[in-house]
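Enquirer: Supplied structure: work_1.tsv, TSV, C-alpha atoms and all ligand atoms.
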```
chain	number	residue	atom	x	y	z
A	173	MET	CA	-5.87	12.13	-14.94
A	174	ASN	CA	-8.08	11.99	-18.06
A	175	ARG	CA	-6.83	8.52	-18.82
A	176	ILE	CA	-7.81	7.45	-15.33
A	177	GLN	CA	-11.36	8.65	-16.02
A	178	ASP	CA	-11.41	6.70	-19.30
A	179	PHE	CA	-10.25	3.56	-17.57
A	180	LEU	CA	-12.79	3.97	-14.79
A	181	GLU	CA	-15.53	4.02	-17.40
A	182	ASN	CA	-14.14	0.99	-19.25
A	183	GLU	CA	-15.93	-2.05	-17.88
A	184	ASN	CA	-13.11	-4.36	-18.94
A	185	LYS	CA	-10.69	-2.68	-16.57
A	186	LYS	CA	-10.33	-3.63	-12.95
A	187	PHE	CA	-9.08	-1.35	-10.19
A	188	CYS	CA	-6.40	-3.21	-8.21
A	189	ILE	CA	-5.55	-1.87	-4.78
A	190	ASP	CA	-2.53	-2.65	-2.65
A	191	VAL	CA	-3.41	-2.88	1.05
A	192	ASP	CA	-0.38	-2.02	3.20
A	193	ASP	CA	0.27	1.72	3.25
A	194	ILE	CA	-2.50	2.35	0.72
A	195	ILE	CA	-5.49	1.29	2.82
A	196	ILE	CA	-3.99	0.24	6.15
A	197	ASN	CA	-1.33	2.49	7.63
A	198	THR	CA	1.24	-0.08	8.72
A	199	THR	CA	4.46	1.94	8.74
A	200	GLU	CA	3.45	4.46	11.39
A	201	TYR	CA	2.60	1.78	13.95
A	202	TRP	CA	5.70	-0.18	12.94
A	203	MET	CA	7.87	2.83	13.79
A	204	TYR	CA	6.09	3.09	17.13
A	205	LEU	CA	6.85	-0.58	17.85
A	206	LEU	CA	10.52	-0.15	16.93
A	207	ASN	CA	10.87	2.94	19.10
A	208	ASN	CA	9.57	0.92	22.04
A	209	ASP	CA	11.56	-2.28	21.45
A	210	ILE	CA	14.63	-2.68	23.64
A	211	GLU	CA	16.20	-4.81	20.93
A	212	PHE	CA	16.33	-1.77	18.62
A	213	ILE	CA	16.40	1.35	20.78
A	214	GLU	CA	20.14	1.29	21.46
A	215	VAL	CA	21.00	0.82	17.77
A	216	LEU	CA	18.70	3.65	16.82
A	217	LYS	CA	20.26	5.90	19.43
A	218	GLU	CA	23.81	4.99	18.37
A	219	ASN	CA	22.90	5.98	14.82
A	220	ASP	CA	21.14	9.18	15.81
A	221	LYS	CA	17.87	7.75	14.52
A	222	TYR	CA	15.91	7.66	17.73
A	223	PRO	CA	12.99	8.10	17.58
A	224	ILE	CA	12.76	6.73	14.06
A	225	LYS	CA	10.02	8.29	11.95
A	226	VAL	CA	8.11	7.31	8.83
A	227	GLU	CA	9.86	10.14	6.95
A	228	ASP	CA	13.21	8.45	7.63
A	229	ILE	CA	12.30	5.41	5.55
A	230	LYS	CA	13.74	6.46	2.22
A	231	THR	CA	14.52	2.87	1.30
A	232	TRP	CA	13.45	-0.43	2.88
A	233	ASP	CA	17.02	-1.77	2.70
A	234	TYR	CA	17.93	0.90	5.17
A	235	MET	CA	15.90	-0.80	7.90
A	236	GLY	CA	17.62	-4.13	7.36
A	237	HIS	CA	21.08	-2.57	7.24
A	238	LEU	CA	20.53	-0.66	10.42
A	239	LEU	CA	18.50	-3.06	12.51
A	240	GLY	CA	18.95	-6.50	10.95
A	241	ASP	CA	16.38	-8.88	9.50
A	242	ASN	CA	14.64	-9.20	12.83
A	243	VAL	CA	13.21	-5.75	12.22
A	244	TYR	CA	10.57	-7.51	10.11
A	245	LYS	CA	9.37	-9.70	12.99
A	246	TYR	CA	6.32	-7.50	13.53
A	247	HIS	CA	5.26	-8.09	9.95
A	248	LEU	CA	5.90	-11.79	10.14
A	249	ASN	CA	3.98	-12.36	13.35
A	250	GLY	CA	1.14	-10.00	12.42
A	251	THR	CA	1.65	-7.65	15.39
A	252	ILE	CA	1.89	-4.71	13.00
A	253	TYR	CA	-1.89	-4.83	12.58
A	254	ASP	CA	-2.68	-4.87	16.31
A	255	GLU	CA	-3.32	-1.14	16.47
A	256	TYR	CA	-3.66	-0.26	12.82
A	257	THR	CA	-5.10	2.96	11.55
A	258	LEU	CA	-6.48	3.50	8.06
A	259	MET	CA	-4.67	5.73	5.60
A	260	PRO	CA	-6.18	9.22	5.19
A	261	TYR	CA	-9.23	9.12	2.86
A	262	ALA	CA	-9.13	5.30	2.62
A	263	LYS	CA	-12.78	5.07	3.69
A	264	GLU	CA	-13.92	7.70	1.20
A	265	PHE	CA	-11.80	6.16	-1.56
A	266	ILE	CA	-13.15	2.62	-1.19
A	267	ASN	CA	-16.73	3.69	-0.63
A	268	SER	CA	-16.83	5.99	-3.65
A	269	LEU	CA	-15.00	3.48	-5.83
A	270	VAL	CA	-17.48	0.72	-4.96
A	271	ASN	CA	-20.34	3.13	-5.72
A	272	LYS	CA	-18.81	4.23	-9.00
A	273	ILE	CA	-17.58	1.01	-10.63
A	274	GLY	CA	-19.00	-1.78	-8.43
A	275	LEU	CA	-17.21	-4.34	-6.32
A	276	ASP	CA	-16.94	-6.75	-9.28
A	277	ARG	CA	-14.28	-4.55	-10.83
A	278	ILE	CA	-12.27	-4.09	-7.65
A	279	LEU	CA	-9.51	-6.40	-6.44
A	280	PHE	CA	-7.23	-6.07	-3.43
A	281	VAL	CA	-3.76	-7.37	-4.20
A	282	THR	CA	-1.44	-7.65	-1.24
A	283	ALA	CA	1.79	-9.36	-0.29
A	284	SER	CA	1.00	-11.36	2.84
A	285	ASN	CA	2.32	-14.30	4.76
A	286	GLY	CA	0.51	-17.15	6.50
A	287	LYS	CA	0.40	-15.19	9.75
A	288	ASN	CA	-1.24	-12.01	8.51
A	289	GLU	CA	-3.56	-13.14	5.69
A	290	ASP	CA	-6.49	-13.66	8.05
A	291	ILE	CA	-5.82	-10.41	9.91
A	292	LYS	CA	-5.87	-8.34	6.71
A	293	GLU	CA	-9.01	-10.09	5.52
A	294	SER	CA	-10.80	-9.38	8.78
A	295	ILE	CA	-9.78	-5.70	8.71
A	296	LEU	CA	-11.07	-5.25	5.14
A	297	GLU	CA	-14.26	-7.05	6.06
A	298	LYS	CA	-14.81	-5.01	9.21
A	299	GLU	CA	-13.92	-1.61	7.76
A	300	PHE	CA	-15.29	-1.93	4.22
A	301	ASN	CA	-17.44	-5.03	4.11
A	302	ILE	CA	-15.05	-6.57	1.56
A	303	PRO	CA	-15.45	-10.36	1.21
A	304	SER	CA	-12.26	-12.44	1.32
A	305	GLU	CA	-12.72	-13.57	-2.32
A	306	LYS	CA	-11.80	-10.03	-3.35
A	307	ILE	CA	-8.38	-10.25	-1.70
A	308	ILE	CA	-5.45	-11.85	-3.52
A	309	HIS	CA	-2.43	-12.59	-1.36
A	310	THR	CA	0.63	-12.58	-3.58
A	311	SER	CA	3.99	-10.90	-3.92
A	312	ASP	CA	3.77	-11.41	-7.68
A	313	LYS	CA	1.32	-8.62	-8.41
A	314	TYR	CA	2.28	-8.15	-12.06
A	315	LYS	CA	-0.35	-10.40	-13.64
A	316	TYR	CA	-3.17	-8.69	-11.74
A	317	TYR	CA	-1.91	-5.17	-12.31
A	318	LYS	CA	-1.18	-5.60	-16.01
A	319	ASN	CA	-3.88	-4.09	-18.27
A	320	ASN	CA	-5.75	-2.62	-15.32
A	321	ILE	CA	-5.60	0.45	-13.08
A	322	PHE	CA	-3.62	-0.15	-9.93
A	323	ILE	CA	-2.46	1.80	-6.92
A	324	ASP	CA	0.59	0.80	-4.88
A	325	ASP	CA	3.38	2.45	-2.91
A	326	ALA	CA	6.26	0.07	-3.62
A	327	PHE	CA	8.17	0.98	-6.78
A	328	HIS	CA	9.24	-2.59	-7.54
A	329	ASN	CA	5.60	-3.39	-8.32
A	330	PHE	CA	5.66	-0.82	-11.13
A	331	LYS	CA	8.56	-2.25	-13.08
A	332	ASP	CA	7.63	-3.37	-16.61
A	333	LEU	CA	4.22	-1.72	-16.26
A	334	ILE	CA	5.12	1.95	-16.52
A	335	ASP	CA	5.25	1.87	-20.30
A	336	CYS	CA	2.35	-0.53	-20.79
A	337	VAL	CA	-0.33	1.57	-22.53
A	338	GLU	CA	-3.08	-0.75	-21.37
A	339	THR	CA	-2.15	-0.22	-17.72
A	340	ILE	CA	-2.62	2.81	-15.50
A	341	PRO	CA	-0.12	2.79	-12.65
A	342	ILE	CA	-0.83	5.11	-9.74
A	343	ILE	CA	1.77	5.59	-7.03
A	344	LEU	CA	0.84	7.05	-3.67
A	345	ASN	CA	3.67	9.35	-2.68
A	346	SER	CA	5.63	7.94	0.27
A	347	PRO	CA	9.13	8.66	1.63
A	348	TRP	CA	10.40	5.35	0.16
A	349	ASN	CA	9.23	6.08	-3.38
A	350	GLU	CA	9.82	9.84	-3.71
A	351	LYS	CA	13.08	9.31	-5.55
A	352	TYR	CA	11.40	7.73	-8.58
A	353	LYS	CA	10.59	10.60	-10.87
A	354	GLU	CA	9.05	8.82	-13.88
A	355	THR	CA	6.10	10.95	-14.97
A	356	LYS	CA	4.12	7.94	-16.19
A	357	LEU	CA	3.80	6.75	-12.60
A	358	ASN	CA	0.76	9.03	-12.07
A	359	ARG	CA	1.96	10.15	-8.67
A	360	ILE	CA	-0.69	11.26	-6.20
A	361	TYR	CA	-0.10	12.76	-2.78
A	362	SER	CA	-3.34	11.72	-1.17
A	363	LEU	CA	-6.16	9.29	-1.88
A	364	LYS	CA	-8.36	12.37	-1.90
A	365	GLU	CA	-7.16	13.04	-5.43
A	366	ILE	CA	-8.88	9.87	-6.60
A	367	CYS	CA	-11.94	10.60	-4.48
A	368	ASP	CA	-12.23	13.90	-6.33
A	369	LEU	CA	-12.10	12.07	-9.67
A	370	LEU	CA	-14.82	9.71	-8.51
A	371	ALA	CA	-17.13	12.45	-7.24
A	401	MG	MG	2.07	-1.30	0.04
```
Take the structure in the file and write it out as structure tokens.
Expert:
Amino acid sequence: MNRIQDFLENENKKFCIDVDDIIINTTEYWMYLLNNDIEFIEVLKENDKYPIKVEDIKTWDYMGHLLGDNVYKYHLNGTIYDEYTLMPYAKEFINSLVNKIGLDRILFVTASNGKNEDIKESILEKEFNIPSEKIIHTSDKYKYYKNNIFIDDAFHNFKDLIDCVETIPIILNSPWNEKYKETKLNRIYSLKEICDLLA
């Protein structure tokens, strides 16, 4: 955690923040939608997975294998944000980070598609007053994360960056990333841990 403090004080370092399941809680509402979708309920019941819960998602492949590619329709059509909630401590985290290092050093880096780019931008604007210029929509996060501090929940975004001494990777513990035990990941269990560092 000392290195995180050093990086926070280094004006050349940006703090890059993933949006889905770091700031906006998408998975919980997604599970609610699946548990209420007649297309999926029978399959879930047949597999003893009804109702499906966030804790069941140990790997994203699992969803596709069980329910087929159509399981992602709620992401693709943007419905997943209809009744979003924020992740615990997201408000405190963003507000104290902006106070501490300034918005200039903060970037939101999120994998989006044409249907949900605008929705995510309007949520970040409404909840945190974040202008759309601060939001990069890309699935290739590497070049933004490299040499900066970043927080994400998807392990594939950490590859090739874990050993980069100029980068601080922070992973927010989630059922789908618990199996990765690399100590250099800087695993946190709540955004409150960063809030405490910023206080
Ligand atoms: Mg994410």
Enquirer: Report, in Å with one decimal, the straight-line distance from CA of Ile342 in chain A to CA of Tyr244 in chain A.
Expert: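 Between CA of Ile342 in chain A and CA of Tyr244 in chain A the gap is 26.1 Å.
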Enquirer: Please identify all protein, DNA and RNA residues within 6 Å of ligand MG 401 (chain A), counting all atoms listed in the file, and report them as a PyMOL selection string.
Expert: chain A and resi 190-194+324-326
Enquirer: Edge lengths and centre, in Å to one decimal, as AutoDock Vina command-line options: that's what I need for the box along x, y and z that holds all listed atoms of range 279-286 of chain A plus 8 Å on each side.
Expert:
```
--center_x -3.6 --center_y -11.6 --center_z 0.0 --size_x 27.8 --size_y 27.1 --size_z 28.9
```
Enquirer: Enter the distance from CA of Asn182 in chain A to CA of His328 in chain A, in Å, rounded to one decimal.
Expert: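 These two atoms are separated by 26.4 Å.
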Enquirer: So how far away is CA of Tyr361 in chain A from CA of Asn345 in chain A, in Å?
Expert: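 Going from CA of Asn345 in chain A over to CA of Tyr361 in chain A, I get 5.1 Å.
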Enquirer: Skipping near chain neighbours, those fewer than 6 positions away, what residues fall within 8 Å of Phe327 in chain A using only C-alpha atoms, listed as a list in words?
Expert: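 Near Phe327 in chain A, the qualifying residues are Ile343, Asn349 and Tyr352 of chain A.
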Enquirer: Leaving out Pro260 in chain A and any residue of its chain fewer than 2 positions from it, which residues lie within 12 Å of it when counting all atoms listed in the file, given as a list in words?
Expert: Asp193, Ile194, Ile195, Ile196, Asn197, Thr257, Leu258, Ala262, Lys263, Glu264, Phe265, Ile266, Leu344, Tyr361, Ser362, Leu363, Lys364, Glu365 and Cys367 of chain A
